[in-house]
Structure formats: structure tokens, C-alpha cells
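Asker: The structure's right below; bear with me while I get my questions together.
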Amino acid sequence: MDWNHYRFRSLWPLPAPPAAVYEVLQRPEDYPRWWRQVREVTRLDDTTGVIRIRSVLPYDMTFTAREVRRDPGAGVLEIAVFGDIEGRARWTVTPRGTGSLARYDQVVSVTKPLLRRFAVPGRPVFRANHALMMRSGRRGLLRHLGTV
């Protein structure tokens, strides 16, 4: 088992229509306005940017994200990431009842030396840290969608 490899899935039921959710998710430069763990997003060009995140644990993660797929019809936004983590992340937004479901899938390997050093004992804590960040992101998006 590669202790530095992670697969995450988060499901966000949301009361907003899929098009409204997709519209917000396709603008990562605005994430810091509604998702407090996304500390900074710096656009490099139309499809690439540098993102700095920090959840509960006292370390930042910085990575470059490059758009791989943007398909509003399918509700898909997918990026390749490299830096402190390397791999892919994907949003898929679909109708659900009168609202939508935003599904986030991430498959990454950690390259940040500090986290690699603590890969085995830290793994449950790192996974919990990610879960807290995603929970907070959903709450932030709910608030943001209420003001859009």
C-alpha cells in the first residue's frame, strides 16, 4: 500500500439548480470568498492557477491546477494538480430533486516532504482534516448560493 496515495469522494446535496452550482464551481479564483480553507488562488492563464489551502492542521498545501475538462452539459469540471499533491480532482454536478448534487472525486499522491514523513501515523488525521475541509466548503457554498 502506498501510504501517500489518497482517494476522496464528497457528496454535497445542494438546494440550488445544477447550472447555478456549476457556475460557482467553475470560478476557482472566487473560492476563497466562500470556502475559508482555500486561502489563495492565483490565475496563471485561462486554464491554470496556483492554489494554496489550509484546513485545521497547521500546514499549507500549495499546488498548480490545470484544467483538463470543462463540460457544462455534463456538469463536469476536472483538473490535474501538481506540487504538494499530484493527481486529479473532479466536480460532477447533477440534478437531484429540486436541487443538485455536487460530487467531488480526488485521486492524489502527497509529495510534500513533511506529510510524506508522517504518512503512516498521520494518515487518519490527514483524512479527517480533508473531511473537515470539505464539510466547511459545503457550508460556505450553501451560504454563497443564498447570496448569488
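Labels used: A, B, ... for chains in the order of the C-alpha cells, numbers from 1 for residues in each chain, and numbers from 1 for ligands as shown.
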So that I can see what lies close to Arg66 of chain A, please list as number ranges by chain the residues with an atom at most 8 Å from it, counting only C-alpha atoms and leaving out residues fewer than 2 positions away in the same chain.

Answerer: A: 47-49, 64, 68, 79-81

Asker: Pick the closest to Arg54 of chain A from A:Val21, A:Leu142, A:Leu77, A:Val38: which is it, counting only C-alpha atoms?

Answerer: A:Val38

Asker: Find the residues around segment 82-88 of chain A up to 6 Å (only C-alpha atoms counted), leave out those fewer than 2 positions away in its own chain, and share them as number ranges by chain.

Answerer: A: 61-64, 79-80, 106-112

Asker: Determine the nearest neighbour of Met134 of chain A from the options A:Phe118, A:Trp35, A:Tyr6, A:Tyr22, counting only C-alpha atoms.

Answerer: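 That would be A:Trp35, the residue with the smallest distance to Met134 of chain A.
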
Asker: Out of chain A, which residues get strand (DSSP E) from DSSP, as an MDAnalysis selection string?

Answerer: chainID A and resid 5:14 38:43 48:53 61:71 76:83 85:96 99:110

Asker: Which residue, A:Ile53, A:Val41, A:Ala19, A:Ala102, has the smallest gap to Asn129 of chain A when you use only C-alpha atoms?

Answerer: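 Using only C-alpha atoms, Asn129 of chain A sits closest to A:Ile53.
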
Asker: Hey, which of A:Tyr59, A:Phe8, A:Trp3, A:Trp91 ends up closest to Glu23 of chain A? Count only C-alpha atoms.

Answerer: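 Closest to Glu23 of chain A, using only C-alpha atoms: A:Trp91.
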
Asker: What does the structure give for the distance between atom CA of Arg69 of chain A and atom CA of Arg135 of chain A, in Å to one decimal?

Answerer: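 Atom-to-atom, atom CA of Arg69 of chain A to atom CA of Arg135 of chain A, that is 24.6 Å.
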
Asker: Where does DSSP see alpha helix (DSSP H) in chain A, if you list the residues as number ranges by chain?

Answerer: A: 18-25, 31-34, 113-117, 119-147

Asker: Which polymer residues have any atom within 6 Å of an atom of Thr92 of chain A, counting only C-alpha atoms, with same-chain residues fewer than 4 positions away left out, as a compact mmCIF listing (two decimals) with N, CA and C atoms, in the first residue's frame?

Answerer:
```txt
# COMPACT_ATOMS: atom_id res chain seq x y z
N GLY A 75 -21.98 18.71 -16.63
CA GLY A 75 -21.76 19.18 -15.27
C GLY A 75 -20.39 18.83 -14.72
N VAL A 76 -19.40 18.67 -15.61
CA VAL A 76 -18.08 18.20 -15.19
C VAL A 76 -17.03 19.31 -15.26
N ALA A 102 -23.51 17.94 -5.95
CA ALA A 102 -22.14 18.20 -6.39
C ALA A 102 -21.28 17.08 -5.83
N ARG A 103 -20.70 16.31 -6.72
CA ARG A 103 -19.85 15.19 -6.31
C ARG A 103 -18.40 15.58 -6.60
```

Asker: Given only C-alpha atoms as the basis, pick out the residue of A:Gln26, A:Ser10, A:Thr42, A:Ser55 nearest to Arg138 of chain A.

Answerer: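 Counting only C-alpha atoms, the residue closest to Arg138 of chain A is A:Ser10.
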
Asker: Between A:Arg27, A:Arg33, A:Arg39, A:His144, which one has atoms that come closest to Asp60 of chain A, using only C-alpha atoms?

Answerer: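 With only C-alpha atoms as the atom set, the closest residue is A:Arg39.
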